[in-house]
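Engineer: One file: work.cif (mmCIF, C-alpha atoms and all ligand atoms).
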```
data_start
loop_
_atom_site.label_atom_id
_atom_site.label_comp_id
_atom_site.auth_asym_id
_atom_site.auth_seq_id
_atom_site.Cartn_x
_atom_site.Cartn_y
_atom_site.Cartn_z
CA MET A 1277 184.98 66.55 109.46
CA SER A 1278 185.46 63.64 107.05
CA HIS A 1279 182.53 61.61 105.80
CA ALA A 1280 183.64 58.62 107.93
CA GLN A 1281 183.68 60.75 111.07
CA ALA A 1282 180.23 62.12 110.38
CA ARG A 1283 178.66 58.74 109.71
CA ILE A 1284 175.89 58.00 112.18
CA ALA A 1285 174.54 54.51 112.85
CA LEU A 1286 171.63 53.17 114.87
CA ALA A 1287 170.00 49.78 115.48
CA LEU A 1288 167.19 48.72 117.83
CA HIS A 1289 165.74 45.39 118.88
CA GLY A 1290 162.48 44.37 120.48
CA GLY A 1291 163.60 40.90 121.52
CA ALA A 1292 164.29 37.52 119.95
CA GLY A 1293 162.10 35.36 122.20
CA PRO A 1294 159.44 33.00 120.86
CA ILE A 1295 157.10 34.81 118.47
CA ARG A 1296 153.56 33.49 118.81
CA ASN A 1297 151.84 35.99 116.55
CA PRO A 1298 153.40 36.01 113.07
CA ASP A 1299 151.90 39.45 112.42
CA THR A 1300 154.62 41.67 113.91
CA SER A 1301 153.62 44.78 111.95
CA ARG A 1302 152.76 46.86 115.04
CA GLU A 1303 156.09 46.12 116.70
CA GLU A 1304 158.00 46.80 113.49
CA ALA A 1305 156.14 50.09 112.91
CA LEU A 1306 156.97 51.23 116.45
CA LEU A 1307 160.62 50.20 116.13
CA ALA A 1308 160.83 52.08 112.80
CA GLU A 1309 159.25 55.17 114.36
CA VAL A 1310 161.69 55.16 117.31
CA CYS A 1311 164.58 54.56 114.89
CA THR A 1312 163.49 57.52 112.75
CA ARG A 1313 163.40 59.75 115.84
CA GLY A 1314 166.84 58.53 116.86
CA ARG A 1315 168.22 59.22 113.39
CA GLU A 1316 166.98 62.81 113.55
CA ARG A 1317 168.59 63.23 116.98
CA LEU A 1318 171.90 61.83 115.72
CA ARG A 1319 171.74 64.04 112.61
CA ALA A 1320 171.23 67.03 114.89
CA GLY A 1321 174.41 66.10 116.78
CA ALA A 1322 173.00 64.26 119.81
CA ALA A 1323 175.34 61.96 121.72
CA ALA A 1324 175.05 58.20 121.14
CA LEU A 1325 174.47 57.76 124.89
CA ASP A 1326 171.43 60.07 124.88
CA VAL A 1327 169.99 58.46 121.77
CA VAL A 1328 170.19 54.86 123.00
CA VAL A 1329 168.67 55.75 126.39
CA GLU A 1330 165.83 57.73 124.75
CA ALA A 1331 165.13 54.90 122.30
CA VAL A 1332 165.03 52.24 125.01
CA ALA A 1333 162.83 54.45 127.21
CA ALA A 1334 160.37 54.82 124.31
CA LEU A 1335 160.34 51.04 123.77
CA GLU A 1336 159.84 50.46 127.52
CA ASP A 1337 156.89 52.83 127.48
CA ALA A 1338 155.23 51.30 124.40
CA GLY A 1339 153.91 48.20 126.16
CA LEU A 1340 154.56 46.08 123.06
CA PHE A 1341 157.67 44.27 124.29
CA ILE A 1342 158.71 42.32 127.41
CA ALA A 1343 160.31 45.39 129.00
CA GLY A 1344 158.99 48.38 130.93
CA ARG A 1345 155.23 48.71 130.65
CA GLY A 1346 154.93 45.53 128.54
CA ALA A 1347 156.76 43.31 131.05
CA SER A 1348 155.16 40.46 132.97
CA PRO A 1349 155.41 39.80 136.71
CA ASN A 1350 157.55 37.14 138.34
CA ARG A 1351 156.13 33.99 139.92
CA ASN A 1352 155.02 35.97 142.98
CA GLY A 1353 153.18 38.59 140.91
CA VAL A 1354 155.89 41.23 141.34
CA TRP A 1355 157.36 43.17 138.41
CA GLU A 1356 161.14 42.91 138.82
CA LEU A 1357 162.88 44.57 135.89
CA ASP A 1358 166.52 44.77 134.70
CA ALA A 1359 168.37 47.32 132.55
CA SER A 1360 171.85 48.51 131.70
CA VAL A 1361 173.64 51.19 129.69
CA MET A 1362 177.25 51.66 128.62
CA ASP A 1363 179.00 54.64 127.07
CA GLY A 1364 181.86 53.45 124.87
CA ALA A 1365 183.83 56.69 124.78
CA SER A 1366 184.15 56.94 128.57
CA ARG A 1367 183.64 53.22 129.43
CA ARG A 1368 181.19 54.34 132.05
CA ALA A 1369 178.30 51.96 132.72
CA GLY A 1370 175.21 51.71 134.91
CA ALA A 1371 172.72 48.95 135.59
CA VAL A 1372 169.81 47.86 137.78
CA GLY A 1373 168.64 44.32 138.56
CA ALA A 1374 165.31 43.15 140.00
CA LEU A 1375 164.14 46.77 140.27
CA VAL A 1376 160.58 47.08 141.59
CA GLY A 1377 158.29 50.09 141.27
CA PHE A 1378 159.77 52.39 138.61
CA GLN A 1379 158.49 53.27 135.16
CA SER A 1380 161.80 53.38 133.30
CA PRO A 1381 164.51 50.96 134.43
CA ILE A 1382 166.86 52.35 131.77
CA ALA A 1383 166.56 55.84 133.25
CA VAL A 1384 167.48 54.45 136.68
CA ALA A 1385 170.40 52.51 135.15
CA ARG A 1386 171.71 55.76 133.69
CA GLY A 1387 171.24 57.33 137.10
CA VAL A 1388 173.43 54.64 138.67
CA MET A 1389 176.10 55.45 136.07
CA GLU A 1390 175.98 59.20 136.52
CA ARG A 1391 175.11 59.70 140.18
CA THR A 1392 176.93 56.87 141.99
CA PRO A 1393 180.46 55.46 141.93
CA HIS A 1394 178.92 52.03 141.16
CA VAL A 1395 177.95 50.08 138.05
CA LEU A 1396 175.17 47.78 139.29
CA LEU A 1397 172.52 48.17 141.99
CA VAL A 1398 169.95 45.42 142.62
CA GLY A 1399 166.75 44.78 144.57
CA ALA A 1400 166.03 46.89 147.64
CA GLY A 1401 169.21 48.93 147.16
CA ALA A 1402 168.29 49.83 143.59
CA ARG A 1403 164.82 50.79 144.73
CA ALA A 1404 166.10 53.00 147.56
CA PHE A 1405 168.45 54.75 145.14
CA ALA A 1406 165.67 55.35 142.58
CA GLU A 1407 163.37 56.67 145.31
CA ARG A 1408 166.01 59.00 146.67
CA GLU A 1409 166.74 60.34 143.19
CA GLY A 1410 163.08 60.92 142.39
CA PHE A 1411 162.63 58.65 139.36
CA ALA A 1412 159.02 58.22 138.19
CA THR A 1413 157.31 55.49 140.21
CA VAL A 1414 154.60 52.97 139.35
CA ALA A 1415 151.83 53.67 141.84
CA ASP A 1416 149.48 50.86 140.78
CA PRO A 1417 151.30 47.99 139.03
CA ALA A 1418 148.12 46.19 137.95
CA ALA A 1419 146.91 49.33 136.18
CA TYR A 1420 150.28 50.48 134.84
CA TYR A 1421 151.63 47.29 133.29
CA THR A 1422 150.00 45.91 130.19
CA PRO A 1423 151.90 42.64 129.72
CA SER A 1424 152.66 42.26 126.02
CA VAL A 1425 152.54 38.49 126.44
CA PRO A 1426 150.17 36.92 128.99
CA THR A 1427 151.82 34.45 131.35
CA ALA A 1428 150.40 30.97 131.02
CA PRO A 1429 151.42 28.01 133.15
CA GLY A 1430 153.77 25.73 131.25
CA ASP A 1431 155.03 28.57 129.09
CA GLY A 1432 158.58 27.41 129.55
CA LEU A 1433 161.18 29.91 128.57
CA VAL A 1434 159.18 32.77 127.11
CA HIS A 1435 161.19 35.96 127.30
CA GLY A 1436 161.81 39.32 125.64
CA THR A 1437 163.89 42.48 125.85
CA VAL A 1438 164.48 45.82 124.11
CA GLY A 1439 167.81 47.36 123.19
CA ALA A 1440 169.58 50.06 121.20
CA VAL A 1441 173.10 50.67 119.89
CA ALA A 1442 174.37 53.84 118.21
CA ARG A 1443 177.36 55.64 116.73
CA ASP A 1444 177.08 59.41 116.83
CA ALA A 1445 178.57 61.96 114.43
CA GLU A 1446 181.65 62.28 116.63
CA GLY A 1447 182.27 58.53 116.48
CA ARG A 1448 181.17 57.74 120.04
CA LEU A 1449 179.42 54.39 120.58
CA ALA A 1450 176.80 53.48 123.20
CA ALA A 1451 174.50 50.56 124.04
CA ALA A 1452 171.39 50.17 126.22
CA THR A 1453 169.21 47.17 127.12
CA SER A 1454 166.03 46.80 129.24
CA THR A 1455 163.99 43.71 130.06
CA GLY A 1456 161.29 42.01 132.04
CA GLY A 1457 163.31 38.83 131.55
CA LEU A 1458 161.63 35.44 131.62
CA LEU A 1459 157.88 35.18 131.99
CA GLY A 1460 156.92 33.88 135.43
CA LYS A 1461 160.56 33.93 136.53
CA THR A 1462 161.84 32.94 139.96
CA PRO A 1463 161.94 35.99 142.27
CA GLY A 1464 165.45 37.45 142.26
CA ARG A 1465 166.37 35.91 138.92
CA ILE A 1466 168.58 38.21 136.88
CA GLY A 1467 169.63 37.43 133.31
CA ASP A 1468 172.26 38.89 131.03
CA SER A 1469 170.52 42.20 130.30
CA PRO A 1470 171.80 44.15 133.35
CA ILE A 1471 175.21 42.49 133.29
CA ILE A 1472 177.87 44.56 131.57
CA GLY A 1473 179.81 42.30 129.20
CA ALA A 1474 177.03 39.71 128.88
CA GLY A 1475 173.89 41.56 127.67
CA THR A 1476 175.36 45.02 127.02
CA TRP A 1477 178.78 46.35 126.03
CA ALA A 1478 180.26 49.49 124.48
CA ASP A 1479 183.86 50.60 123.98
CA GLU A 1480 185.77 52.43 121.26
CA ARG A 1481 185.43 49.46 118.87
CA VAL A 1482 181.83 48.31 119.15
CA ALA A 1483 178.48 48.71 120.95
CA VAL A 1484 176.35 45.60 121.54
CA SER A 1485 172.90 44.83 122.98
CA CYS A 1486 171.82 41.17 123.28
CA THR A 1487 168.52 39.36 123.56
CA GLY A 1488 167.77 35.72 124.22
CA GLN A 1489 167.93 33.15 127.00
CA GLY A 1490 169.97 35.16 129.47
CA GLU A 1491 171.59 32.24 131.25
CA TYR A 1492 173.36 31.23 128.04
CA PHE A 1493 174.44 34.79 127.25
CA LEU A 1494 175.89 35.08 130.77
CA ARG A 1495 177.91 31.90 130.35
CA ALA A 1496 179.34 33.08 127.03
CA ALA A 1497 179.85 36.78 127.96
CA VAL A 1498 178.45 37.44 124.49
CA ALA A 1499 178.46 41.25 124.36
CA ALA A 1500 182.09 41.68 125.45
CA ASP A 1501 183.14 38.72 123.29
CA VAL A 1502 182.13 40.65 120.15
CA SER A 1503 184.65 43.34 121.09
CA ALA A 1504 187.32 40.77 122.03
CA ARG A 1505 187.03 39.10 118.63
CA ILE A 1506 187.53 42.47 116.89
CA ARG A 1507 190.39 43.41 119.20
CA TYR A 1508 192.38 40.19 119.37
CA GLY A 1509 191.19 38.28 116.31
CA ARG A 1510 190.95 41.34 114.05
CA TYR A 1511 187.58 40.08 112.84
CA ASP A 1512 185.28 42.43 110.98
CA LEU A 1513 182.02 43.30 112.75
CA ALA A 1514 179.79 40.73 111.02
CA ARG A 1515 182.19 37.87 111.75
CA ALA A 1516 182.80 38.95 115.34
CA ALA A 1517 179.07 39.31 116.05
CA PHE A 1518 178.19 35.99 114.48
CA GLY A 1519 181.11 34.20 116.18
CA ALA A 1520 180.18 35.42 119.66
CA LEU A 1521 176.54 34.48 119.14
CA ASP A 1522 177.47 31.10 117.71
CA ASP A 1523 179.58 30.30 120.80
CA MET A 1524 176.45 30.84 122.92
CA HIS A 1525 174.27 28.90 120.47
CA ARG A 1526 176.61 25.88 120.50
CA GLN A 1527 175.98 25.55 124.22
CA GLY A 1528 172.26 25.22 123.61
CA GLY A 1529 170.93 28.80 123.81
CA ASP A 1530 169.08 30.92 121.29
CA GLY A 1531 168.79 34.62 120.70
CA GLY A 1532 170.30 37.52 118.83
CA LEU A 1533 172.21 40.75 119.15
CA ILE A 1534 172.52 44.15 117.54
CA ALA A 1535 175.93 45.79 117.12
CA VAL A 1536 177.52 48.89 115.58
CA ASP A 1537 181.26 49.39 115.09
CA ALA A 1538 183.55 52.39 114.96
CA ALA A 1539 183.10 52.68 111.19
CA GLY A 1540 179.31 52.81 111.56
CA ARG A 1541 178.69 49.29 110.26
CA VAL A 1542 175.71 47.41 111.70
CA ALA A 1543 175.29 43.67 112.40
CA LEU A 1544 172.01 42.05 113.50
CA PRO A 1545 172.53 38.27 113.73
CA TYR A 1546 170.15 35.88 115.49
CA THR A 1547 169.84 32.14 115.93
CA SER A 1548 166.18 32.19 117.04
CA GLN A 1549 163.00 32.09 115.00
CA GLY A 1550 163.23 35.84 114.48
CA MET A 1551 164.31 39.12 116.08
CA ARG A 1552 162.17 42.23 116.07
CA ARG A 1553 164.50 44.98 114.93
CA ALA A 1554 165.01 48.28 113.10
CA TRP A 1555 168.17 49.87 111.79
CA LEU A 1556 169.60 52.55 109.51
CA ASP A 1557 170.98 51.53 106.14
CA PRO A 1558 174.27 53.23 105.18
CA ASP A 1559 172.29 55.86 103.25
CA GLY A 1560 170.17 56.63 106.35
CA THR A 1561 167.04 54.75 105.27
CA VAL A 1562 165.11 53.24 108.21
CA ARG A 1563 164.45 49.49 107.90
CA ALA A 1564 162.49 47.16 110.15
CA ALA A 1565 162.06 43.39 110.14
CA THR A 1566 161.39 40.39 112.39
CA PHE A 1567 162.06 37.39 110.19
CA GLN A 1568 164.73 37.29 107.42
N1 LIG B 1 167.94 38.17 127.88
C1 LIG B 1 166.74 38.40 128.62
C2 LIG B 1 166.85 37.71 129.96
O1 LIG B 1 167.33 36.59 130.02
C3 LIG B 1 165.50 37.92 127.91
C4 LIG B 1 165.44 38.19 126.42
O2 LIG B 1 166.30 38.87 125.88
O3 LIG B 1 164.50 37.75 125.77
O4 LIG B 1 166.41 38.25 130.93
#
```
When written as structure tokens, how does the structure in this file appear?
Ligand code: ASP
Structural biologist:
Amino acid sequence: MSHAQARIALALHGGAGPIRNPDTSREEALLAEVCTRGRERLRAGAAALDVVVEAVAALEDAGLFIAGRGASPNRNGVWELDASVMDGASRRAGAVGALVGFQSPIAVARGVMERTPHVLLVGAGARAFAEREGFATVADPAAYYTPSVPTAPGDGLVHGTVGAVARDAEGRLAAATSTGGLLGKTPGRIGDSPIIGAGTWADERVAVSCTGQGEYFLRAAVAADVSARIRYGRYDLARAAFGALDDMHRQGGDGGLIAVDAAGRVALPYTSQGMRRAWLDPDGTVRAATFQ
């Protein structure tokens, strides 16, 4: 196997929403820890798909981000969560929207991909599927969830998400994203995160996970646009990632994305105040940052 074939790559994000506390050391330490674990899995030959789902599940469980345990309820006090996953090598994808009552939305999204002929299940249908398949439930939401950001009236568009993208040693790419969406959101509101092509995308060229104001990412189909720019415009990864994000930003939105390409390059652009993130340098060193 040539060096290029063996090159692994991994990047994670913990959201690009408003950052109230400038001390993001806890989040960065956790992202770095999950990134280190993912690197070891990729070095041991794990598939990109497994690594991104494991990483997102760990970030959901941490309670430090607006996803999984750290998510906030909607306006009616119900935790409706969204997630999606895509496997670039096979183009298979799975997603859940407005899922209520399950600990790991990303695990259920993978279940939709692997155990149904569908890509996206939402609401009561997603819940019935997850129940039938025996995914871990949340028995007592008030005790289980530890909202990472308290909802305050007049918060406006406070939001957050977690995501992961990877290239494994065999060159396969995968992306996963999970979110609680907007704080105090309208019941039934779904953003870009569970929509394949908007918040998540993976093919043979690139894997992308987005974070930001979902409505803008939906209208710009940001995640798939990164791949289209590489495919049709022959852009390199950094230019494609920035161009897709800039198209969204020009329409008034803010946010960021993480992407890896077939050569194992990583791009982490954002237009917001910051983006909590961790990634592997080309030599395998784990890095984490929020600002800069
Ligand atoms: N994109 C997510 C949503 O709109 C939120 C975020 O990434 O901060 O649901």
Engineer: Please write as a PyMOL selection string the list of polymer residues whose atoms come within 10 Å of (158.0, 42.1, 126.1), counting only C-alpha atoms and keeping to the coordinates of the file.
Structural biologist: chain A and resi 1290-1293+1335-1336+1338-1348+1422-1426+1434-1438+1454-1459
Engineer: Record the distance separating atom CA of A:Ala1554 and atom CA of A:Phe1411, expressed in Å with one decimal.
Structural biologist: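 So the two atoms, atom CA of A:Ala1554 and atom CA of A:Phe1411, lie 28.3 Å apart.
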Engineer: In Å, rounded to a single decimal, give me how far atom CA of A:Ala1535 is from atom CA of A:Ala1451.
Structural biologist: 8.5 Å
Engineer: Using all atoms listed in the file, pick whichever of A:Arg1515, A:Arg1563, A:His1394, A:Lys1461 has the shortest atom-to-atom distance to ligand LIG 1 (chain B).
Structural biologist: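 Once distances to ligand LIG 1 (chain B) are computed over all atoms listed in the file, the minimum belongs to A:Lys1461.
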Engineer: Write out as JSON, numbers by chain each polymer residue whose atoms come within 8 Å of A:Cys1486, counting all atoms listed in the file; drop sequence neighbours fewer than 2 positions from it.
Structural biologist: {"A": [1439, 1453, 1469, 1474, 1475, 1476, 1484, 1488, 1493, 1498, 1499, 1531, 1532, 1533, 1534]}
Engineer: I want to know what sits within 7 Å of A:Leu1397, based on all atoms listed in the file, with residues of the same chain fewer than 6 positions away left out; could you give that as an NGL selection string?
Structural biologist: :A and (1371-1373)
Engineer: Which residue, A:Leu1521, A:Ala1565, A:Ala1514, A:Leu1494, has the smallest gap to ligand LIG 1 (chain B) when you use all atoms listed in the file?
Structural biologist: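 The answer is A:Leu1494, which sits nearest to ligand LIG 1 (chain B).
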Engineer: I want to know what sits within 10 Å of A:Asp1559, based on only C-alpha atoms, with residues of the same chain fewer than 6 positions away left out; could you give that as a VMD selection string?
Structural biologist: chain A and resid 1283 to 1285
Engineer: Tell me, as a list in words, which residues lie within 10 Å of A:Cys1311, counting all atoms listed in the file; anything in the same chain fewer than 3 positions away does not count.
Structural biologist: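 Contacts, with the query itself left out: Leu1286, Ala1287, Leu1288, Ala1305, Leu1306, Leu1307, Ala1308, Gly1314, Arg1315, Glu1316, Arg1317, Val1327, Val1328, Ala1331, Ala1440, Arg1553, Ala1554, Trp1555, Leu1556, Thr1561, Val1562, Arg1563 and Ala1564 of chain A.
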Engineer: Using only C-alpha atoms, what residues lie at most 9 Å away from (177.6, 46.2, 119.5) (file coordinates), given as an NGL selection string?
Structural biologist: :A and (1441-1442 or 1449-1451 or 1476-1479 or 1481-1486 or 1499-1500 or 1502-1503 or 1513 or 1517 or 1533-1537 or 1542-1543)
Engineer: For a quick check of understanding, using all atoms listed in the file, which of A:Ala1412, A:Ala1400, A:Ala1333, A:Ile1295 has the smallest distance to ligand LIG 1 (chain B)?
Structural biologist: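 Going through A:Ala1412, A:Ala1400, A:Ala1333, A:Ile1295 one by one, the smallest distance to ligand LIG 1 (chain B) is for A:Ile1295.
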Engineer: What does the structure give for the distance between atom CA of A:Glu1480 and atom CA of A:Ala1365, in Å to one decimal?
Structural biologist: 5.9 Å
Engineer: Using all atoms listed in the file, which of A:Arg1510, A:Arg1386, A:Arg1465, A:Arg1408 sits nearest ligand LIG 1 (chain B)?
Structural biologist: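 Closest candidate: A:Arg1465.
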Engineer: I'd like the neighbourhood of A:Phe1567 as an NGL selection string, where a residue qualifies if any of its atoms comes within 12 Å (using all atoms listed in the file), though same-chain residues fewer than 6 positions away should be ignored.
Structural biologist: :A and (1291-1292 or 1294-1295 or 1298-1301 or 1304 or 1532 or 1544-1554)
Engineer: Pick out the closest residue to A:Ile1472 from this set: A:Gln1379, A:Gln1568, A:Thr1413, A:Ser1360. Count all atoms listed in the file.
Structural biologist: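 Selected residue with least distance to A:Ile1472: A:Ser1360.
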Engineer: I'd like to know which of A:Ala1539, A:Leu1318, A:Val1376, A:Ala1497 is closest to A:Pro1349, using only C-alpha atoms.
Structural biologist: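 Comparing A:Ala1539, A:Leu1318, A:Val1376, A:Ala1497 against A:Pro1349, the winner is A:Val1376.
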Engineer: Can we get stretch 1287-1298 of chain A of that structure written down with all heavy atoms, as a PDB file, in the first residue's frame?
Structural biologist:
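Listing of part.pdb after writing:
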```
ATOM      1  N   ALA A1287     -11.372  14.883  11.377  1.00  0.00           N
ATOM      2  CA  ALA A1287     -11.674  16.203  11.962  1.00  0.00           C
ATOM      3  C   ALA A1287     -13.018  16.126  12.663  1.00  0.00           C
ATOM      4  O   ALA A1287     -13.912  15.390  12.238  1.00  0.00           O
ATOM      5  CB  ALA A1287     -11.692  17.276  10.876  1.00  0.00           C
ATOM      6  N   LEU A1288     -13.150  16.870  13.752  1.00  0.00           N
ATOM      7  CA  LEU A1288     -14.382  16.911  14.547  1.00  0.00           C
ATOM      8  C   LEU A1288     -14.769  18.360  14.783  1.00  0.00           C
ATOM      9  O   LEU A1288     -13.900  19.227  14.855  1.00  0.00           O
ATOM     10  CB  LEU A1288     -14.160  16.278  15.937  1.00  0.00           C
ATOM     11  CG  LEU A1288     -13.415  14.959  16.032  1.00  0.00           C
ATOM     12  CD1 LEU A1288     -13.249  14.587  17.508  1.00  0.00           C
ATOM     13  CD2 LEU A1288     -14.185  13.871  15.310  1.00  0.00           C
ATOM     14  N   HIS A1289     -16.097  18.608  14.943  1.00  0.00           N
ATOM     15  CA  HIS A1289     -16.485  19.932  15.421  1.00  0.00           C
ATOM     16  C   HIS A1289     -17.504  19.803  16.542  1.00  0.00           C
ATOM     17  O   HIS A1289     -18.219  18.797  16.651  1.00  0.00           O
ATOM     18  CB  HIS A1289     -17.006  20.826  14.284  1.00  0.00           C
ATOM     19  CG  HIS A1289     -18.355  20.448  13.753  1.00  0.00           C
ATOM     20  ND1 HIS A1289     -19.520  20.696  14.448  1.00  0.00           N
ATOM     21  CD2 HIS A1289     -18.736  19.852  12.590  1.00  0.00           C
ATOM     22  CE1 HIS A1289     -20.542  20.264  13.729  1.00  0.00           C
ATOM     23  NE2 HIS A1289     -20.100  19.737  12.610  1.00  0.00           N
ATOM     24  N   GLY A1290     -17.520  20.836  17.366  1.00  0.00           N
ATOM     25  CA  GLY A1290     -18.484  20.901  18.463  1.00  0.00           C
ATOM     26  C   GLY A1290     -19.361  22.126  18.322  1.00  0.00           C
ATOM     27  O   GLY A1290     -19.842  22.673  19.304  1.00  0.00           O
ATOM     28  N   GLY A1291     -19.573  22.558  17.055  1.00  0.00           N
ATOM     29  CA  GLY A1291     -20.493  23.653  16.784  1.00  0.00           C
ATOM     30  C   GLY A1291     -19.812  24.995  16.577  1.00  0.00           C
ATOM     31  O   GLY A1291     -18.702  25.230  17.052  1.00  0.00           O
ATOM     32  N   ALA A1292     -20.519  25.848  15.837  1.00  0.00           N
ATOM     33  CA  ALA A1292     -20.006  27.195  15.538  1.00  0.00           C
ATOM     34  C   ALA A1292     -21.025  28.255  15.942  1.00  0.00           C
ATOM     35  O   ALA A1292     -21.004  29.370  15.430  1.00  0.00           O
ATOM     36  CB  ALA A1292     -19.682  27.315  14.053  1.00  0.00           C
ATOM     37  N   GLY A1293     -21.931  27.893  16.852  1.00  0.00           N
ATOM     38  CA  GLY A1293     -22.921  28.863  17.329  1.00  0.00           C
ATOM     39  C   GLY A1293     -22.265  29.894  18.243  1.00  0.00           C
ATOM     40  O   GLY A1293     -21.065  29.804  18.524  1.00  0.00           O
ATOM     41  N   PRO A1294     -23.048  30.871  18.690  1.00  0.00           N
ATOM     42  CA  PRO A1294     -22.513  31.920  19.558  1.00  0.00           C
ATOM     43  C   PRO A1294     -21.771  31.322  20.755  1.00  0.00           C
ATOM     44  O   PRO A1294     -22.252  30.367  21.375  1.00  0.00           O
ATOM     45  CB  PRO A1294     -23.769  32.662  20.014  1.00  0.00           C
ATOM     46  CG  PRO A1294     -24.803  32.342  19.000  1.00  0.00           C
ATOM     47  CD  PRO A1294     -24.488  31.003  18.450  1.00  0.00           C
ATOM     48  N   ILE A1295     -20.614  31.865  21.065  1.00  0.00           N
ATOM     49  CA  ILE A1295     -19.810  31.341  22.166  1.00  0.00           C
ATOM     50  C   ILE A1295     -19.810  32.372  23.289  1.00  0.00           C
ATOM     51  O   ILE A1295     -19.187  33.418  23.189  1.00  0.00           O
ATOM     52  CB  ILE A1295     -18.379  31.025  21.683  1.00  0.00           C
ATOM     53  CG1 ILE A1295     -18.443  29.938  20.597  1.00  0.00           C
ATOM     54  CG2 ILE A1295     -17.497  30.580  22.846  1.00  0.00           C
ATOM     55  CD1 ILE A1295     -17.213  29.816  19.758  1.00  0.00           C
ATOM     56  N   ARG A1296     -20.561  32.057  24.349  1.00  0.00           N
ATOM     57  CA  ARG A1296     -20.728  33.027  25.437  1.00  0.00           C
ATOM     58  C   ARG A1296     -19.540  33.011  26.380  1.00  0.00           C
ATOM     59  O   ARG A1296     -19.138  34.029  26.903  1.00  0.00           O
ATOM     60  CB  ARG A1296     -21.985  32.681  26.218  1.00  0.00           C
ATOM     61  CG  ARG A1296     -23.244  32.914  25.415  1.00  0.00           C
ATOM     62  CD  ARG A1296     -24.345  33.309  26.386  1.00  0.00           C
ATOM     63  NE  ARG A1296     -25.600  33.482  25.680  1.00  0.00           N
ATOM     64  CZ  ARG A1296     -26.597  32.623  25.764  1.00  0.00           C
ATOM     65  NH1 ARG A1296     -26.501  31.557  26.505  1.00  0.00           N
ATOM     66  NH2 ARG A1296     -27.700  32.853  25.091  1.00  0.00           N
ATOM     67  N   ASN A1297     -19.013  31.790  26.617  1.00  0.00           N
ATOM     68  CA  ASN A1297     -17.896  31.671  27.553  1.00  0.00           C
ATOM     69  C   ASN A1297     -16.602  31.540  26.750  1.00  0.00           C
ATOM     70  O   ASN A1297     -16.389  30.537  26.079  1.00  0.00           O
ATOM     71  CB  ASN A1297     -18.120  30.431  28.433  1.00  0.00           C
ATOM     72  CG  ASN A1297     -17.021  30.255  29.453  1.00  0.00           C
ATOM     73  OD1 ASN A1297     -16.064  31.033  29.478  1.00  0.00           O
ATOM     74  ND2 ASN A1297     -17.152  29.241  30.291  1.00  0.00           N
ATOM     75  N   PRO A1298     -15.726  32.541  26.816  1.00  0.00           N
ATOM     76  CA  PRO A1298     -14.502  32.494  26.014  1.00  0.00           C
ATOM     77  C   PRO A1298     -13.534  31.388  26.443  1.00  0.00           C
ATOM     78  O   PRO A1298     -12.619  31.033  25.702  1.00  0.00           O
ATOM     79  CB  PRO A1298     -13.879  33.882  26.214  1.00  0.00           C
ATOM     80  CG  PRO A1298     -14.529  34.442  27.437  1.00  0.00           C
ATOM     81  CD  PRO A1298     -15.855  33.765  27.596  1.00  0.00           C
TER      82      PRO A1298
END
```
